[in-house]
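Have a look at input.txt below; it lists compact mmCIF, C-alpha atoms.
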# COMPACT_ATOMS: atom_id res chain seq x y z
CA MET A 19 0.00 0.00 0.00
CA SER A 20 1.34 3.42 -0.90
CA HIS A 21 2.54 5.73 1.85
CA ALA A 22 0.15 8.46 0.71
CA MET A 23 -2.85 6.31 1.57
CA ILE A 24 -2.04 6.29 5.31
CA ASN A 25 -3.89 9.17 6.94
CA TYR A 26 -1.96 9.75 10.16
CA PRO A 27 -3.97 12.80 11.32
CA HIS A 28 -7.09 10.60 11.13
CA ILE A 29 -5.37 7.84 13.11
CA ALA A 30 -4.13 10.41 15.64
CA SER A 31 -7.70 11.63 16.16
CA MET A 32 -8.49 8.16 17.52
CA VAL A 33 -5.62 8.37 20.04
CA PHE A 34 -5.30 11.97 21.20
CA ASN A 35 -7.95 14.25 22.76
CA THR A 36 -10.45 11.41 23.11
CA PRO A 37 -11.34 9.14 26.05
CA LEU A 38 -9.46 5.84 25.97
CA TYR A 39 -10.11 2.69 27.92
CA ALA A 40 -6.44 1.80 27.71
CA THR A 41 -3.44 1.29 29.93
CA PRO A 42 -0.86 4.12 30.01
CA THR A 43 1.64 1.63 28.56
CA LEU A 44 -0.56 1.07 25.52
CA VAL A 45 -1.09 4.81 25.06
CA GLN A 46 2.65 5.38 25.21
CA ALA A 47 3.32 2.60 22.70
CA VAL A 48 0.85 3.99 20.17
CA ARG A 49 2.08 7.55 20.74
CA SER A 50 5.68 6.50 20.10
CA VAL A 51 4.61 5.32 16.65
CA LEU A 52 2.39 8.27 15.72
CA GLU A 53 4.25 11.20 17.26
CA PRO A 54 7.39 11.15 15.05
CA ARG A 55 5.27 10.85 11.91
CA LEU A 56 2.96 13.69 12.92
CA LEU A 57 5.99 15.88 13.58
CA GLY A 58 7.69 14.88 10.33
CA ARG A 59 10.68 13.31 12.04
CA THR A 60 10.69 10.02 10.16
CA HIS A 61 9.34 8.40 7.05
CA ASP A 62 8.97 4.92 8.54
CA LEU A 63 5.43 3.71 8.03
CA PRO A 64 3.36 0.80 9.35
CA GLN A 65 3.39 -2.20 7.08
CA SER A 66 -0.29 -2.28 6.25
CA LEU A 67 -3.67 -0.69 6.62
CA GLY A 68 -6.64 -2.82 5.56
CA LEU A 69 -10.37 -3.27 5.88
CA GLY A 70 -12.28 -6.21 7.30
CA GLY A 71 -14.87 -8.32 5.51
CA ASP A 72 -18.62 -8.82 5.74
CA GLU A 73 -20.55 -11.40 7.77
CA GLU A 74 -20.24 -14.10 5.10
CA ARG A 75 -16.46 -13.67 5.08
CA GLU A 76 -16.38 -13.76 8.87
CA MET A 77 -18.38 -17.00 8.81
CA GLN A 78 -15.76 -18.54 6.50
CA ARG A 79 -12.89 -17.33 8.68
CA LEU A 80 -14.50 -18.43 11.93
CA GLN A 81 -12.34 -20.84 13.89
CA VAL A 82 -14.62 -23.63 15.04
CA VAL A 83 -13.13 -26.31 17.31
CA GLY A 84 -15.60 -29.03 18.25
CA ARG A 85 -18.69 -27.01 19.02
CA LEU A 86 -16.77 -23.92 20.08
CA ALA A 87 -16.10 -20.78 18.10
CA ILE A 88 -12.81 -19.28 19.26
CA ILE A 89 -12.53 -15.59 18.43
CA PRO A 90 -9.31 -13.67 19.16
CA VAL A 91 -9.59 -10.27 20.83
CA HIS A 92 -6.02 -9.11 20.42
CA GLY A 93 -4.21 -5.78 20.12
CA VAL A 94 -5.55 -2.23 20.11
CA LEU A 95 -9.35 -1.94 20.13
CA VAL A 96 -10.96 0.71 17.92
CA ALA A 97 -14.47 1.62 16.87
CA ARG A 98 -14.35 1.00 13.11
CA ARG A 99 -12.74 -1.56 10.88
CA GLY A 100 -9.08 -1.63 9.98
CA GLN A 101 -5.74 -2.97 11.06
CA ILE A 102 -2.22 -1.60 11.28
CA ASN A 103 0.77 -3.84 11.69
CA GLY A 104 4.41 -2.96 12.08
CA ALA A 105 6.01 -0.86 14.78
CA CYS A 106 2.63 -0.61 16.51
CA GLU A 107 0.59 -3.81 16.91
CA GLU A 108 -2.47 -5.45 15.48
CA ILE A 109 -5.74 -3.58 15.65
CA LEU A 110 -9.20 -5.07 16.12
CA SER A 111 -12.35 -3.03 15.64
CA TYR A 112 -15.51 -3.42 17.66
CA GLU A 113 -17.28 -3.49 14.30
CA ARG A 114 -15.36 -6.53 13.11
CA LEU A 115 -15.66 -8.29 16.47
CA ARG A 116 -19.39 -7.76 16.31
CA GLY A 117 -19.43 -9.40 12.88
CA GLN A 118 -17.43 -12.37 14.14
CA ILE A 119 -19.72 -12.90 17.13
CA THR A 120 -22.79 -12.59 14.89
CA ALA A 121 -21.32 -15.21 12.55
CA ALA A 122 -20.76 -17.53 15.52
CA LEU A 123 -24.30 -16.98 16.77
CA ASN A 124 -25.60 -17.92 13.32
CA HIS A 125 -23.31 -20.94 12.91
CA GLU A 126 -25.39 -24.09 13.39
CA LEU A 127 -22.44 -26.16 14.70
CA VAL A 128 -21.39 -23.62 17.32
CA GLU A 129 -22.79 -24.19 20.81
CA GLU A 130 -20.53 -21.80 22.73
CA ILE A 131 -18.33 -18.82 21.89
CA VAL A 132 -14.91 -18.29 23.44
CA LEU A 133 -13.37 -14.82 23.24
CA ASP A 134 -9.59 -15.18 23.54
CA PHE A 135 -8.35 -11.91 25.12
CA HIS A 136 -4.90 -10.41 24.88
CA THR A 137 -5.29 -6.64 24.81
CA GLY A 138 -4.36 -3.51 26.69
CA GLY A 139 -7.59 -1.83 25.62
CA GLY A 140 -8.37 0.98 23.21
CA GLN A 141 -11.07 3.46 22.30
CA ALA A 142 -13.94 4.26 24.64
CA MET A 143 -16.05 5.14 21.61
CA GLY A 144 -18.05 2.05 20.67
CA CYS A 145 -16.91 0.00 23.67
CA LYS A 146 -20.15 0.33 25.66
CA GLU A 147 -22.19 -0.68 22.63
CA MET A 148 -19.92 -3.69 22.10
CA GLY A 149 -20.17 -4.71 25.74
CA ASP A 150 -23.96 -4.52 25.70
CA PHE A 151 -24.05 -6.51 22.46
CA ILE A 152 -21.95 -9.26 24.04
CA ARG A 153 -24.16 -9.32 27.11
CA ALA A 154 -27.32 -9.55 24.97
CA SER A 155 -25.71 -12.31 22.87
CA THR A 156 -25.19 -14.46 25.97
CA ALA A 157 -28.95 -14.98 26.03
CA ILE A 158 -28.59 -16.87 22.73
CA LYS A 159 -25.34 -18.78 23.29
CA PRO A 160 -22.91 -18.85 26.22
CA ILE A 161 -19.85 -16.65 25.73
CA THR A 162 -16.73 -17.37 27.77
CA ALA A 163 -13.99 -14.77 28.14
CA LEU A 164 -10.63 -16.53 28.15
CA VAL A 165 -7.96 -14.10 29.36
CA ASN A 166 -4.90 -15.39 27.60
CA PHE A 167 -2.99 -13.32 28.71
CA ALA A 168 -4.36 -9.78 29.17
CA ALA A 169 -7.77 -8.13 29.36
CA TYR A 170 -7.18 -4.57 30.44
CA SER A 171 -9.45 -1.52 30.18
CA ALA A 172 -11.66 -1.89 27.08
CA GLY A 173 -10.66 -5.55 27.00
CA TYR A 174 -11.94 -6.08 30.52
CA PHE A 175 -15.07 -4.02 29.74
CA MET A 176 -15.99 -6.63 27.11
CA ALA A 177 -14.79 -9.62 29.13
CA ALA A 178 -17.02 -8.54 32.02
CA ALA A 179 -20.01 -8.69 29.68
CA CYS A 180 -19.42 -12.38 28.93
CA THR A 181 -21.17 -15.27 30.64
CA ARG A 182 -18.02 -15.99 32.65
CA ILE A 183 -14.33 -15.10 32.75
CA ILE A 184 -11.51 -17.63 32.94
CA ALA A 185 -7.96 -16.30 33.29
CA SER A 186 -4.71 -18.14 32.74
CA PRO A 187 -2.53 -18.32 35.90
CA THR A 188 -0.13 -15.56 34.76
CA ALA A 189 -2.80 -13.38 33.15
CA GLY A 190 -3.72 -9.83 34.11
CA VAL A 191 -7.07 -8.02 34.14
CA GLY A 192 -8.48 -4.71 35.28
CA SER A 193 -7.35 -1.16 34.52
CA ILE A 194 -10.97 -0.08 34.98
CA GLY A 195 -10.36 3.56 34.22
CA VAL A 196 -10.22 6.14 31.47
CA ILE A 197 -7.39 8.31 30.17
CA ILE A 198 -7.12 11.26 27.78
CA GLU A 199 -3.82 12.48 26.41
CA THR A 200 -3.34 15.73 24.53
CA TYR A 201 -0.35 16.97 22.58
CA GLU A 202 0.83 20.50 21.98
CA ILE A 203 3.65 21.64 19.70
CA SER A 204 3.31 25.43 19.88
CA ARG A 205 6.76 26.01 21.41
CA MET A 206 8.44 23.86 18.78
CA GLU A 207 6.59 25.76 16.04
CA GLU A 208 7.65 29.06 17.59
CA GLU A 209 11.30 27.98 17.55
CA MET A 210 10.92 26.97 13.90
CA GLY A 211 9.30 30.28 13.00
CA ILE A 212 5.96 28.68 12.12
CA THR A 213 2.67 30.36 13.04
CA PHE A 214 -0.79 28.84 12.59
CA ASN A 215 -3.58 31.41 12.35
CA THR A 216 -6.91 29.75 13.14
CA PHE A 217 -10.27 31.41 12.53
CA PHE A 218 -13.41 29.82 13.92
CA ARG A 219 -16.95 30.30 15.19
CA GLY A 220 -18.19 28.66 18.37
CA ASP A 221 -16.20 29.03 21.58
CA HIS A 222 -15.36 25.32 21.76
CA LYS A 223 -14.43 24.85 18.10
CA ASN A 224 -10.70 25.28 18.67
CA ASN A 225 -10.45 23.36 21.95
CA LEU A 226 -7.35 21.12 22.18
CA SER A 227 -5.60 22.67 19.21
CA PRO A 228 -2.00 21.34 19.20
CA HIS A 229 -0.80 24.75 17.98
CA GLU A 230 -1.76 26.62 21.17
CA PRO A 231 -1.35 26.07 24.93
CA ILE A 232 -4.29 24.24 26.43
CA THR A 233 -7.00 26.50 27.87
CA ASP A 234 -8.96 26.24 31.12
CA GLN A 235 -12.09 25.76 29.01
CA ALA A 236 -10.53 22.77 27.24
CA ILE A 237 -9.47 21.26 30.57
CA GLN A 238 -13.04 21.50 31.82
CA GLU A 239 -14.22 19.70 28.69
CA ILE A 240 -11.63 16.97 29.19
CA ASN A 241 -12.67 16.42 32.79
CA SER A 242 -16.33 16.26 31.76
CA LYS A 243 -15.54 13.59 29.16
CA LEU A 244 -13.44 11.66 31.66
CA ASP A 245 -16.25 11.71 34.23
CA ASP A 246 -18.82 10.49 31.71
CA ALA A 247 -16.61 7.73 30.32
CA TYR A 248 -15.56 6.60 33.80
CA ALA A 249 -19.17 6.40 34.97
CA THR A 250 -20.10 4.37 31.89
CA PHE A 251 -17.20 1.95 32.50
CA THR A 252 -17.69 1.43 36.22
CA GLU A 253 -21.48 1.22 36.08
CA SER A 254 -21.37 -1.25 33.19
CA VAL A 255 -18.83 -3.54 34.87
CA ALA A 256 -20.85 -3.42 38.09
CA SER A 257 -23.99 -4.41 36.21
CA TYR A 258 -22.30 -7.16 34.18
CA ARG A 259 -20.49 -8.69 37.15
CA GLY A 260 -23.11 -8.19 39.85
CA LEU A 261 -20.85 -5.89 41.86
CA SER A 262 -21.49 -2.52 43.46
CA VAL A 263 -20.29 0.56 41.61
CA SER A 264 -18.32 1.59 44.70
CA ASP A 265 -16.45 -1.74 44.67
CA VAL A 266 -15.59 -1.32 41.01
CA MET A 267 -14.41 2.26 41.56
CA ALA A 268 -12.34 1.07 44.51
CA THR A 269 -10.12 -0.85 42.08
CA GLU A 270 -8.71 2.59 41.09
CA ALA A 271 -7.74 1.23 37.65
CA ARG A 272 -5.38 -1.28 39.25
CA LEU A 273 -3.81 -4.02 37.13
CA TYR A 274 -4.77 -7.29 38.82
CA THR A 275 -3.04 -10.65 38.74
CA ALA A 276 -5.31 -13.62 38.16
CA LYS A 277 -5.19 -14.59 41.83
CA ASP A 278 -6.07 -11.10 43.06
CA ALA A 279 -8.74 -10.70 40.38
CA LEU A 280 -10.42 -13.89 41.55
CA ALA A 281 -10.43 -12.61 45.14
CA ALA A 282 -11.94 -9.32 43.94
CA LYS A 283 -14.63 -11.20 41.94
CA LEU A 284 -13.41 -9.71 38.68
CA ILE A 285 -13.03 -13.20 37.19
CA ASP A 286 -14.68 -16.56 37.82
CA ASP A 287 -11.89 -19.12 37.48
CA ILE A 288 -8.17 -19.61 36.86
CA ALA A 289 -6.93 -22.23 34.40
CA PRO A 290 -4.34 -22.58 31.63
CA ALA A 291 -5.89 -21.64 28.30
CA GLN A 292 -5.73 -25.09 26.72
CA ASP A 293 -7.14 -26.74 29.86
CA ALA A 294 -10.01 -24.28 29.83
CA ILE A 295 -10.75 -24.93 26.15
CA ASP A 296 -10.60 -28.70 26.70
CA ALA A 297 -12.97 -28.50 29.67
CA ILE A 298 -15.50 -26.39 27.75
CA ALA A 299 -15.33 -28.68 24.72
CA GLN A 300 -15.67 -31.79 26.89
CA ALA A 301 -19.01 -30.56 28.19
CA TYR A 302 -20.43 -30.87 24.68
CA THR A 303 -18.90 -34.21 23.63
CA SER A 304 -21.44 -36.25 25.59
CA GLN A 305 -24.40 -34.27 24.32
CA SER A 306 -26.64 -35.18 21.42
CA PRO A 307 -25.75 -33.99 17.90
CA PRO A 308 -26.02 -30.25 17.18
CA SER A 309 -29.42 -28.60 17.20
CA THR A 310 -32.10 -29.61 14.74
CA THR A 311 -32.76 -27.47 11.70
CA ARG A 312 -35.72 -25.83 13.44
CA ASN A 313 -33.66 -24.90 16.50
CA SER A 314 -30.80 -23.75 14.29
CA ARG A 315 -33.09 -21.46 12.35
CA ARG A 316 -34.56 -20.11 15.58
CA ILE A 317 -31.08 -19.27 16.92
CA GLN A 318 -30.09 -17.63 13.64
CA ALA A 319 -33.27 -15.57 13.68
CA GLN A 320 -32.57 -14.50 17.27
CA ALA A 321 -29.00 -13.53 16.35
CA ARG A 322 -30.07 -11.46 13.36
CA ALA A 323 -32.81 -9.77 15.35
CA LEU A 324 -30.32 -8.97 18.12
CA ASP A 325 -27.78 -7.57 15.67
CA THR A 326 -30.45 -5.44 13.98
CA SER A 327 -31.85 -4.09 17.26
CA CYS A 328 -28.39 -3.22 18.59
CA ARG A 329 -27.59 -1.26 15.43
CA LEU A 330 -30.76 0.89 15.64

Write the structure described by the file as structure tokens, please.
Amino acid sequence: MSHAMINYPHIASMVFNTPLYATPTLVQAVRSVLEPRLLGRTHDLPQSLGLGGDEEREMQRLQVVGRLAIIPVHGVLVARRGQINGACEEILSYERLRGQITAALNHELVEEIVLDFHTGGGQAMGCKEMGDFIRASTAIKPITALVNFAAYSAGYFMAAACTRIIASPTAGVGSIGVIIETYEISRMEEEMGITFNTFFRGDHKNNLSPHEPITDQAIQEINSKLDDAYATFTESVASYRGLSVSDVMATEARLYTAKDALAAKLIDDIAPAQDAIDAIAQAYTSQSPPSTTRNSRRIQAQARALDTSCRL
């Protein structure tokens, strides 16, 4: 793909000045890739930028083992489709994940869905909708979150919405918090003799401009967004997990080991990933053959109705 097709300002808009359900380490890693390019300090580019496929393609790509659909939830989580590989890491969109889960719900051989988590989180935008979609989907088929090996921030948001959470012994979960990072290059521009003259209407139109020092008004806006996103996160996790909001807030965005997460009721069990998969699969080996055509059609109809209602 040509270098000109990579729109870094657009990518930066998904990282800076917006609420992120992400660990500071993940934010720093993504910033280290974007910042030099935005400042024109290097011409190194990610290896690829591509779009995902439709539901039929997701059905073909679905990894079905026994009667389980195993869906990876890896890398940076974003609202819309696309992936970037290279100096950053893989990207998974909520949009594509939704398509994969829908395909699994419609698959007549799939009895249970396993979401295989290894992520430090990502965008707050779209995360709540994804979490609620997962929770609604559990009424059709069980969905197990397998933390193998990380489900932080947005990753934990979605894991909490699953039927249950199993973490590998060395896994980590939590980071139930929200972060916003801004960037400002006005002093560098001043040293270079560059001046940006911005004309606008609407007092908030120029908030968080990188070409000017941050204003008190912009800080108030940031804090308002943080409060809203934090309330959404903590209240959702409390609802999904049957915990009090105060208990969830008391985690203070801590990164939990599997053992501590179990004690805090953030997960349901600890087991090596393969052992967990084997145990889930074993539960279906003694059952009768997959659902009849009538039941299969009923489940597919429920899945499509759920997907349609969640998109409205």

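You can rank A:Val128, A:Ile237, A:Val266, A:Met143 by their closest distance to Leu284 (chain A) using only C-alpha atoms, and at the top of that list sits A:Val266.
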
| Spatial neighbours of Ile119 (chain A), max dist 8 Å, only C-alpha atoms, sep filter under 4 positions, as a ChimeraX atom specification | /A:89,115,123,131

| message | Need the shell around Ala291 (chain A): protein/DNA/RNA residues with any atom at most 6 Å away, counting only C-alpha atoms. Skip same-chain ones fewer than 2 positions apart. Format as a list in words? | response |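 These residues fall inside the cut-off: Ser186, Asp293 and Ala294 of chain A.
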
| note | note - CA of Asp234 (chain A) and CA of Glu270 (chain A) are separated by 25.7 Å

| query | Can you list, as a PyMOL selection string, every protein, DNA or RNA residue that comes within 9 Å of region 175-181 of chain A when you count only C-alpha atoms, leaving out same-chain residues fewer than 2 positions away? | reply | chain A and resi 39+133+135+139+145-146+148-156+160-165+169-173+183+192+194+251-252+254-259+284-285

| At a cut-off of 10 Å from (-18.3, -22.1, 16.4) in the coordinates of the file, what residues are picked up using only C-alpha atoms, written as number ranges by chain? | A: 77, 80-89, 119, 121-132

| CA of Ala142 (chain A) to CA of Lys243 (chain A), distance in Å rounded to a single decimal | 10.5 Å

| Separation of CA of Asp246 (chain A) from CA of Val91 (chain A) in Å |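 CA of Val91 (chain A) sits 25.2 Å away from CA of Asp246 (chain A).
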
| Residue among A:Lys283, A:Lys223, A:Phe218, A:Leu273 lying closest to Thr43 (chain A), counting all atoms listed in the file | A:Leu273
